[in-house]
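Containing CSV, C-alpha atoms: start_32.csv.
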```
chain,number,residue,atom,x,y,z
M,20,TRP,CA,62.8,14.1,68.1
M,21,ASN,CA,60.1,15.2,70.6
M,22,GLU,CA,62.5,17.6,72.3
M,23,VAL,CA,63.1,19.3,68.9
M,24,PHE,CA,59.8,19.2,67.1
M,25,ASN,CA,57.0,18.5,69.6
M,26,LYS,CA,57.9,20.3,72.8
M,27,GLY,CA,55.9,23.4,73.8
M,28,LYS,CA,52.8,25.0,72.4
M,29,MET,CA,52.1,27.0,69.3
M,30,PRO,CA,53.3,29.6,68.3
M,31,MET,CA,56.3,29.5,70.6
M,32,LYS,CA,57.1,26.0,69.5
M,33,LEU,CA,57.8,27.2,66.0
M,34,LEU,CA,60.0,30.0,67.3
M,35,PHE,CA,62.3,27.7,69.2
M,36,ILE,CA,62.5,24.8,66.7
M,37,PRO,CA,65.4,26.3,64.8
M,38,PHE,CA,67.5,26.7,68.0
M,39,ARG,CA,66.7,23.2,69.3
M,40,LEU,CA,67.3,21.7,65.8
M,41,THR,CA,70.7,23.4,65.5
M,42,ARG,CA,71.7,22.1,69.0
M,43,ALA,CA,70.4,18.6,68.2
M,44,LEU,CA,72.3,18.5,64.9
M,45,LEU,CA,75.6,19.4,66.6
M,46,ARG,CA,75.0,16.6,69.2
M,47,GLU,CA,74.1,14.2,66.4
M,48,ALA,CA,77.4,15.0,64.6
M,49,LEU,CA,79.2,14.0,67.8
M,50,CYS,CA,77.1,10.8,68.0
M,51,SER,CA,78.2,9.8,64.5
M,52,LEU,CA,81.5,8.7,66.1
M,53,SER,CA,79.6,5.9,67.8
M,54,SER,CA,76.4,3.7,67.2
M,55,HIS,CA,74.4,6.3,69.2
M,56,SER,CA,71.9,8.7,67.6
M,57,LEU,CA,69.5,11.4,68.7
M,58,PHE,CA,67.1,11.2,65.7
M,59,LEU,CA,67.2,7.6,64.6
M,60,ASP,CA,65.5,5.5,67.3
M,61,SER,CA,65.6,8.5,69.7
M,62,PRO,CA,66.3,7.6,73.3
M,63,LEU,CA,64.3,9.0,76.2
M,64,SER,CA,64.8,12.7,76.8
M,65,PRO,CA,65.6,13.9,80.3
M,66,GLU,CA,61.9,14.7,80.6
M,67,GLY,CA,61.1,11.1,79.5
M,68,VAL,CA,63.5,9.7,82.1
M,69,THR,CA,61.7,11.7,84.8
M,70,GLN,CA,58.3,10.4,83.6
M,71,ALA,CA,59.6,6.8,83.7
M,72,LYS,CA,61.0,7.3,87.2
M,73,GLU,CA,57.6,8.7,88.3
M,74,LEU,CA,56.0,5.6,87.0
M,75,ALA,CA,58.5,3.5,89.0
M,76,THR,CA,57.6,5.5,92.1
M,77,PHE,CA,53.9,4.9,91.6
M,78,MET,CA,54.4,1.2,91.0
M,79,SER,CA,56.7,0.7,94.0
M,80,ASP,CA,54.1,2.2,96.4
M,81,THR,CA,51.8,-0.6,97.5
M,82,ALA,CA,49.3,2.0,98.7
M,83,ASN,CA,48.5,2.6,94.9
M,84,ALA,CA,46.4,-0.5,94.8
M,85,GLY,CA,43.6,0.8,92.6
M,86,THR,CA,40.1,2.1,93.5
M,87,SER,CA,38.1,-0.3,91.4
M,88,PRO,CA,38.2,-4.1,90.9
M,89,ALA,CA,39.5,-3.5,87.3
M,90,GLU,CA,42.3,-1.2,88.4
M,91,GLN,CA,43.3,-3.6,91.1
M,92,LYS,CA,43.4,-6.5,88.6
M,93,TYR,CA,45.5,-4.7,86.1
M,94,LEU,CA,47.9,-3.3,88.7
M,95,ARG,CA,48.5,-6.8,90.1
M,96,ILE,CA,49.3,-7.9,86.5
M,97,VAL,CA,51.8,-5.0,85.9
M,98,ARG,CA,53.4,-5.8,89.2
M,99,ASN,CA,53.5,-9.5,88.2
M,100,GLN,CA,51.6,-10.4,91.3
M,101,ASP,CA,49.4,-12.4,88.9
M,102,VAL,CA,51.0,-14.4,86.1
M,103,ALA,CA,52.1,-12.1,83.3
M,104,VAL,CA,54.4,-12.0,80.3
M,105,PHE,CA,56.3,-8.8,79.5
M,106,ALA,CA,57.0,-7.3,76.1
M,107,SER,CA,58.4,-4.1,74.6
M,108,SER,CA,58.9,-2.4,71.3
M,109,ASN,CA,62.4,-2.6,69.9
M,110,LEU,CA,62.8,1.1,70.0
M,111,ARG,CA,65.1,2.5,72.7
M,112,ARG,CA,62.6,4.8,74.4
M,113,ALA,CA,60.2,2.0,74.9
M,114,ILE,CA,62.8,-0.3,76.3
M,115,GLU,CA,64.1,2.4,78.6
M,116,THR,CA,60.6,3.3,79.8
M,117,VAL,CA,59.7,-0.3,80.7
M,118,GLY,CA,63.2,-0.8,82.2
M,119,ILE,CA,63.0,2.2,84.4
M,120,GLY,CA,59.3,2.3,85.1
M,121,LEU,CA,58.9,-1.3,85.9
M,122,TRP,CA,62.4,-1.9,87.2
M,123,GLY,CA,61.2,-3.0,90.7
M,124,THR,CA,59.1,-5.8,89.1
M,125,ILE,CA,61.8,-6.8,86.5
M,126,ARG,CA,64.5,-7.0,89.2
M,127,ASP,CA,62.5,-8.6,92.0
M,128,LYS,CA,60.5,-11.0,89.9
M,129,LYS,CA,63.4,-11.9,87.6
M,130,VAL,CA,61.3,-10.9,84.6
M,131,GLN,CA,62.7,-11.1,81.1
M,132,VAL,CA,61.0,-8.7,78.7
M,133,ALA,CA,60.5,-9.9,75.2
M,134,VAL,CA,61.6,-7.3,72.6
M,135,LEU,CA,59.2,-7.4,69.6
M,136,SER,CA,59.7,-5.7,66.3
M,137,ASP,CA,55.9,-5.9,65.8
M,138,LEU,CA,55.5,-3.3,68.6
M,139,GLN,CA,57.7,-0.8,66.8
M,140,GLU,CA,56.0,2.6,66.3
M,141,ILE,CA,53.8,3.1,63.2
M,142,SER,CA,54.8,6.6,62.0
M,143,PRO,CA,57.4,7.0,59.2
M,144,ASN,CA,59.3,9.6,61.2
M,145,VAL,CA,63.0,8.8,61.5
M,146,ASP,CA,62.7,8.4,65.3
M,147,THR,CA,60.6,5.3,64.7
M,148,LEU,CA,63.4,3.5,62.9
M,149,THR,CA,65.2,1.1,65.1
M,150,LEU,CA,68.9,0.8,65.6
M,151,SER,CA,68.6,-2.8,66.7
M,152,GLU,CA,69.7,-5.7,64.4
M,153,PRO,CA,67.7,-8.9,64.3
M,154,ASP,CA,67.9,-10.8,67.6
M,155,LYS,CA,69.8,-8.0,69.3
M,156,LEU,CA,69.1,-5.0,71.5
M,157,PRO,CA,69.6,-1.5,70.2
M,158,PRO,CA,72.5,0.5,71.8
M,159,LEU,CA,71.4,1.3,75.4
M,160,PRO,CA,74.6,2.6,77.0
M,161,ASP,CA,72.9,4.8,79.6
M,162,LEU,CA,70.2,2.3,80.8
M,163,PRO,CA,72.3,0.4,83.4
M,164,GLY,CA,73.3,3.7,85.0
M,165,MET,CA,69.7,4.9,85.0
M,166,LEU,CA,68.9,1.7,87.0
M,167,SER,CA,71.8,2.4,89.4
M,168,ASP,CA,73.5,-0.8,88.3
M,169,PRO,CA,76.3,0.2,85.9
M,170,SER,CA,77.5,-3.5,85.6
M,171,LEU,CA,74.0,-4.8,84.7
M,172,GLU,CA,74.0,-7.1,81.7
M,173,LEU,CA,70.9,-6.1,79.9
M,174,THR,CA,70.4,-9.5,78.2
M,175,THR,CA,69.5,-10.9,81.6
M,176,CYS,CA,66.4,-8.6,81.5
M,177,PHE,CA,65.6,-8.5,77.8
M,178,LYS,CA,65.3,-11.4,75.3
M,179,THR,CA,65.4,-10.6,71.6
M,180,LYS,CA,64.5,-13.8,69.7
M,181,ASP,CA,61.3,-12.2,68.4
M,182,ASN,CA,63.0,-9.0,67.5
M,183,LEU,CA,63.3,-9.1,63.7
M,184,GLY,CA,65.1,-5.7,63.5
M,185,GLN,CA,63.8,-2.9,61.3
M,186,LYS,CA,60.1,-3.0,60.4
M,187,ALA,CA,59.4,-3.4,56.7
M,188,LEU,CA,59.0,0.2,55.5
M,189,PHE,CA,56.2,-0.5,53.0
M,190,GLU,CA,54.3,-3.1,55.0
M,191,SER,CA,50.9,-2.2,56.2
M,192,ALA,CA,50.8,-1.5,59.9
M,193,SER,CA,47.7,-3.6,60.3
M,194,LYS,CA,49.9,-6.7,59.6
M,195,ARG,CA,52.1,-5.9,62.6
M,196,LEU,CA,49.0,-5.3,64.8
M,197,VAL,CA,47.6,-8.7,63.9
M,198,ARG,CA,51.0,-10.4,64.4
M,199,PHE,CA,51.3,-8.9,67.9
M,200,ALA,CA,47.8,-10.1,68.7
M,201,ASP,CA,48.8,-13.6,67.4
M,202,TRP,CA,51.9,-13.4,69.7
M,203,CYS,CA,49.7,-12.7,72.7
M,204,PHE,CA,48.0,-16.1,72.2
M,205,ASP,CA,50.5,-18.3,70.3
M,206,SER,CA,54.0,-17.3,71.4
M,207,GLU,CA,56.2,-19.6,73.3
M,208,GLU,CA,55.7,-17.3,76.3
M,209,THR,CA,51.9,-17.2,76.1
M,210,LYS,CA,50.7,-20.4,74.5
M,211,GLY,CA,48.4,-22.4,76.8
M,212,GLY,CA,46.7,-19.3,78.2
M,213,GLY,CA,46.7,-18.2,81.8
M,214,ALA,CA,49.2,-15.4,81.4
M,215,ALA,CA,48.3,-11.7,80.8
M,216,VAL,CA,50.6,-9.6,78.6
M,217,VAL,CA,52.2,-6.3,79.7
M,218,ALA,CA,53.3,-4.5,76.6
M,219,ALA,CA,55.5,-1.3,76.4
M,220,GLY,CA,54.9,0.5,73.2
M,221,HIS,CA,54.0,3.8,71.6
M,222,SER,CA,51.0,6.1,71.6
M,223,LEU,CA,50.1,6.0,67.9
M,224,TRP,CA,50.7,2.3,67.8
M,225,PHE,CA,48.2,1.7,70.6
M,226,GLN,CA,45.7,4.2,69.3
M,227,THR,CA,45.7,2.4,66.0
M,228,PHE,CA,45.4,-1.0,67.8
M,229,PHE,CA,42.3,0.2,69.5
M,230,LYS,CA,40.8,1.6,66.2
M,231,ALA,CA,41.5,-1.7,64.5
M,232,PHE,CA,40.1,-4.1,67.1
M,233,MET,CA,37.4,-2.1,69.0
M,234,GLY,CA,34.9,-2.0,66.1
M,235,ARG,CA,34.0,0.9,63.9
M,236,GLU,CA,30.7,1.5,65.7
M,237,THR,CA,32.3,1.9,69.1
M,238,ASP,CA,32.8,5.5,70.3
M,239,HIS,CA,35.6,5.5,72.8
M,240,VAL,CA,38.4,7.8,74.1
M,241,ALA,CA,41.0,5.1,73.3
M,242,LYS,CA,40.3,5.7,69.5
M,243,LYS,CA,40.4,9.5,69.8
M,244,LYS,CA,43.2,10.2,72.3
M,245,LYS,CA,46.7,8.8,72.7
M,246,ILE,CA,48.0,7.3,75.9
M,247,VAL,CA,50.3,9.9,77.6
M,248,ASN,CA,54.0,9.3,78.0
M,249,ALA,CA,54.6,6.5,80.6
M,250,GLY,CA,50.9,6.1,81.0
M,251,CYS,CA,49.4,2.6,81.7
M,252,VAL,CA,46.1,1.3,80.4
M,253,GLY,CA,44.6,-2.1,80.9
M,254,PHE,CA,42.2,-3.9,78.6
M,255,THR,CA,41.0,-7.4,77.6
M,256,LEU,CA,41.7,-8.7,74.1
M,257,TYR,CA,39.5,-11.6,72.8
M,258,ARG,CA,40.2,-13.9,69.9
M,259,GLY,CA,37.7,-15.9,67.9
M,260,LYS,CA,38.0,-18.4,65.1
M,261,VAL,CA,36.9,-17.2,61.7
M,262,GLU,CA,34.5,-19.9,60.4
M,263,GLY,CA,35.6,-21.7,57.3
M,264,THR,CA,39.2,-20.4,57.5
M,265,GLU,CA,42.4,-21.0,59.4
M,266,GLY,CA,42.4,-17.4,60.6
M,267,PHE,CA,41.3,-15.6,63.8
M,268,SER,CA,39.6,-12.3,64.5
M,269,TYR,CA,40.4,-10.0,67.5
M,270,TYR,CA,38.3,-7.8,69.6
M,271,VAL,CA,39.1,-5.3,72.3
M,272,ASP,CA,36.3,-5.1,74.9
M,273,HIS,CA,35.8,-1.4,75.1
M,274,GLU,CA,34.2,-1.8,78.6
M,275,SER,CA,37.4,-3.3,79.9
M,276,VAL,CA,39.6,-0.4,79.0
M,277,THR,CA,40.9,1.0,82.3
M,278,PRO,CA,43.5,3.7,82.9
M,279,ILE,CA,45.6,2.6,85.8
M,280,TYR,CA,48.3,5.4,85.7
M,281,LEU,CA,47.8,8.7,83.9
M,282,GLY,CA,45.9,7.1,81.1
M,283,PHE,CA,44.8,9.1,78.0
M,284,ALA,CA,45.6,12.6,76.9
M,285,LYS,CA,43.0,15.2,77.8
```

Give the structure from the file, written as structure tokens.
Amino acid sequence: WNEVFNKGKMPMKLLFIPFRLTRALLREALCSLSSHSLFLDSPLSPEGVTQAKELATFMSDTANAGTSPAEQKYLRIVRNQDVAVFASSNLRRAIETVGIGLWGTIRDKKVQVAVLSDLQEISPNVDTLTLSEPDKLPPLPDLPGMLSDPSLELTTCFKTKDNLGQKALFESASKRLVRFADWCFDSEETKGGGAAVVAAGHSLWFQTFFKAFMGRETDHVAKKKKIVNAGCVGFTLYRGKVEGTEGFSYYVDHESVTPIYLGFAK
């Protein structure tokens, strides 16, 4: 999807879209013979794979320890040097990004990434529609090879019990944001506290999350700009009981928001 419609700058982008679209449609026709697709639940493009590998290189270099106490804290979490729970959207590009980008941690620390439908991208575009069925992974035929382990059984690295499959098309995105926030505190993996959450998701989803939980009066780059591809940002999410109800409210501490790799778009 991004390779066809979002690559390049105007006006050249418009000039090349018909050619890229024709090529993509031909490839999509070939994919129709299998469960694969280039448009529905788009996998990482070659550029996206390169970006994920660059993240892996950064994370594997212990010299990249952060220049501030906040960066150092969040990098320890992402590397699972401090107790952390890992989660991913159920879309293929998110699973591939976390699989490649954090493969050193997943492999060495025996991490199982929880695949969550509530992290699925918000946009109505067809590339945000998952190919995964409930409690299953989407087709990821190329990921083991990308990890230089063709015989890898992906279910050893990803667990799908909280993947409900396709998002409800007419459900408000805010409900999924709140359910993910609930999951961060109440899930089997996180209940009891003490564990941070490392979530692999999508730029619009996270921008909307920041807008929802950072407060209307707060002026912050996280509400204006998206996280770049393969970028990593750390922050602290607080939860408070709503007096007189059974519900909770959530708040992102804007002062805690810390880019640790690439960060936000300029």

For the interface of segment 106-212 of chain M with segment 225-240 of chain M (cut-off 10 Å, counting only C-alpha atoms), please tabulate each contacting residue of segment 106-212 of chain M alongside its nearest pair of atoms and their separation in Å to one decimal, rows sorted by chain and increasing number, as a tab-separated table.
```
residue	atom	partner	partner_atom	distance
M:Leu138	CA	M:Phe225	CA	9.1
M:Glu140	CA	M:Phe225	CA	9.0
M:Ile141	CA	M:Thr227	CA	8.6
M:Ala192	CA	M:Thr227	CA	8.9
M:Ser193	CA	M:Ala231	CA	7.7
M:Arg195	CA	M:Phe228	CA	9.8
M:Leu196	CA	M:Phe228	CA	6.4
M:Val197	CA	M:Phe228	CA	8.9
M:Phe199	CA	M:Phe228	CA	9.9
M:Ala200	CA	M:Phe228	CA	9.5
```

- Query: Could you name the residues that touch segment 144-154 of chain M at 7 Å or less, counting all atoms listed in the file, but leaving out those on the same chain fewer than 2 positions away, as a VMD selection string?
  - Reply: chain M and resid 20 58 to 61 109 to 110 140 142 156 to 157 179 to 185

Report as CSV the residues of segment 140-227 of chain M within 12 Å of segment 86-101 of chain M, each with its shortest atom pair and distance in Å (one decimal), using only C-alpha atoms, ordered by chain and increasing residue number.
```
residue,atom,partner,partner_atom,distance
M:Gly213,CA,M:Asp101,CA,9.6
M:Ala214,CA,M:Asp101,CA,8.1
M:Ala215,CA,M:Ile96,CA,6.9
M:Val216,CA,M:Ile96,CA,8.2
M:Val217,CA,M:Val97,CA,6.3
M:Ala218,CA,M:Val97,CA,9.4
M:Ala219,CA,M:Val97,CA,10.8
```

- Query: Do you have the atom CA of Asn248 of chain M-atom CA of Pro62 of chain M distance handy?
  - Reply: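 Spanning atom CA of Asn248 of chain M to atom CA of Pro62 of chain M is a straight-line distance of 13.3 Å.
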
- Task: Rounded to one decimal place, report the atom CA of Pro278 of chain M-atom CA of Ser191 of chain M distance in Å.
- Result: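 According to the coordinates, atom CA of Pro278 of chain M and atom CA of Ser191 of chain M are separated by 28.3 Å.
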
- Task: Quote the spacing between atom CA of Asp205 of chain M and atom CA of Gly123 of chain M in Å to one decimal place.
- Result: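 Between these atoms lies a distance of 27.7 Å.
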
- Task: Name the residues in contact with Val276 of chain M at a cut-off of 8 Å, using only C-alpha atoms, excluding same-chain residues fewer than 4 positions from it; report them as a PyMOL selection string.
- Result: chain M and resi 252-255+272

- Closest of M:Tyr270, M:Glu262, M:Ala249, M:Lys128 to Ala284 of chain M - atom-to-atom distances counting only C-alpha atoms: M:Ala249

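You can rank M:Gly266, M:Gly212, M:Ala241, M:Leu173 by their closest distance to Val102 of chain M using all atoms listed in the file, and at the top of that list sits M:Gly212.
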
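Residues in contact with segment 167-171 of chain M at up to 12 Å, not including ones fewer than 5 positions away on its chain and judged by all atoms listed in the file, are Gly118, Ile119, Trp122, Gly123, Arg126, Leu159, Pro160, Asp161, Leu162, Cys176 and Phe177 of chain M.
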
- Query: Which of these, M:Ala113, M:Leu223, M:Ser79, M:Thr175, has the shortest distance to Pro143 of chain M once you count all atoms listed in the file?
  - Reply: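 Under the stated criterion, the closest residue is M:Leu223.
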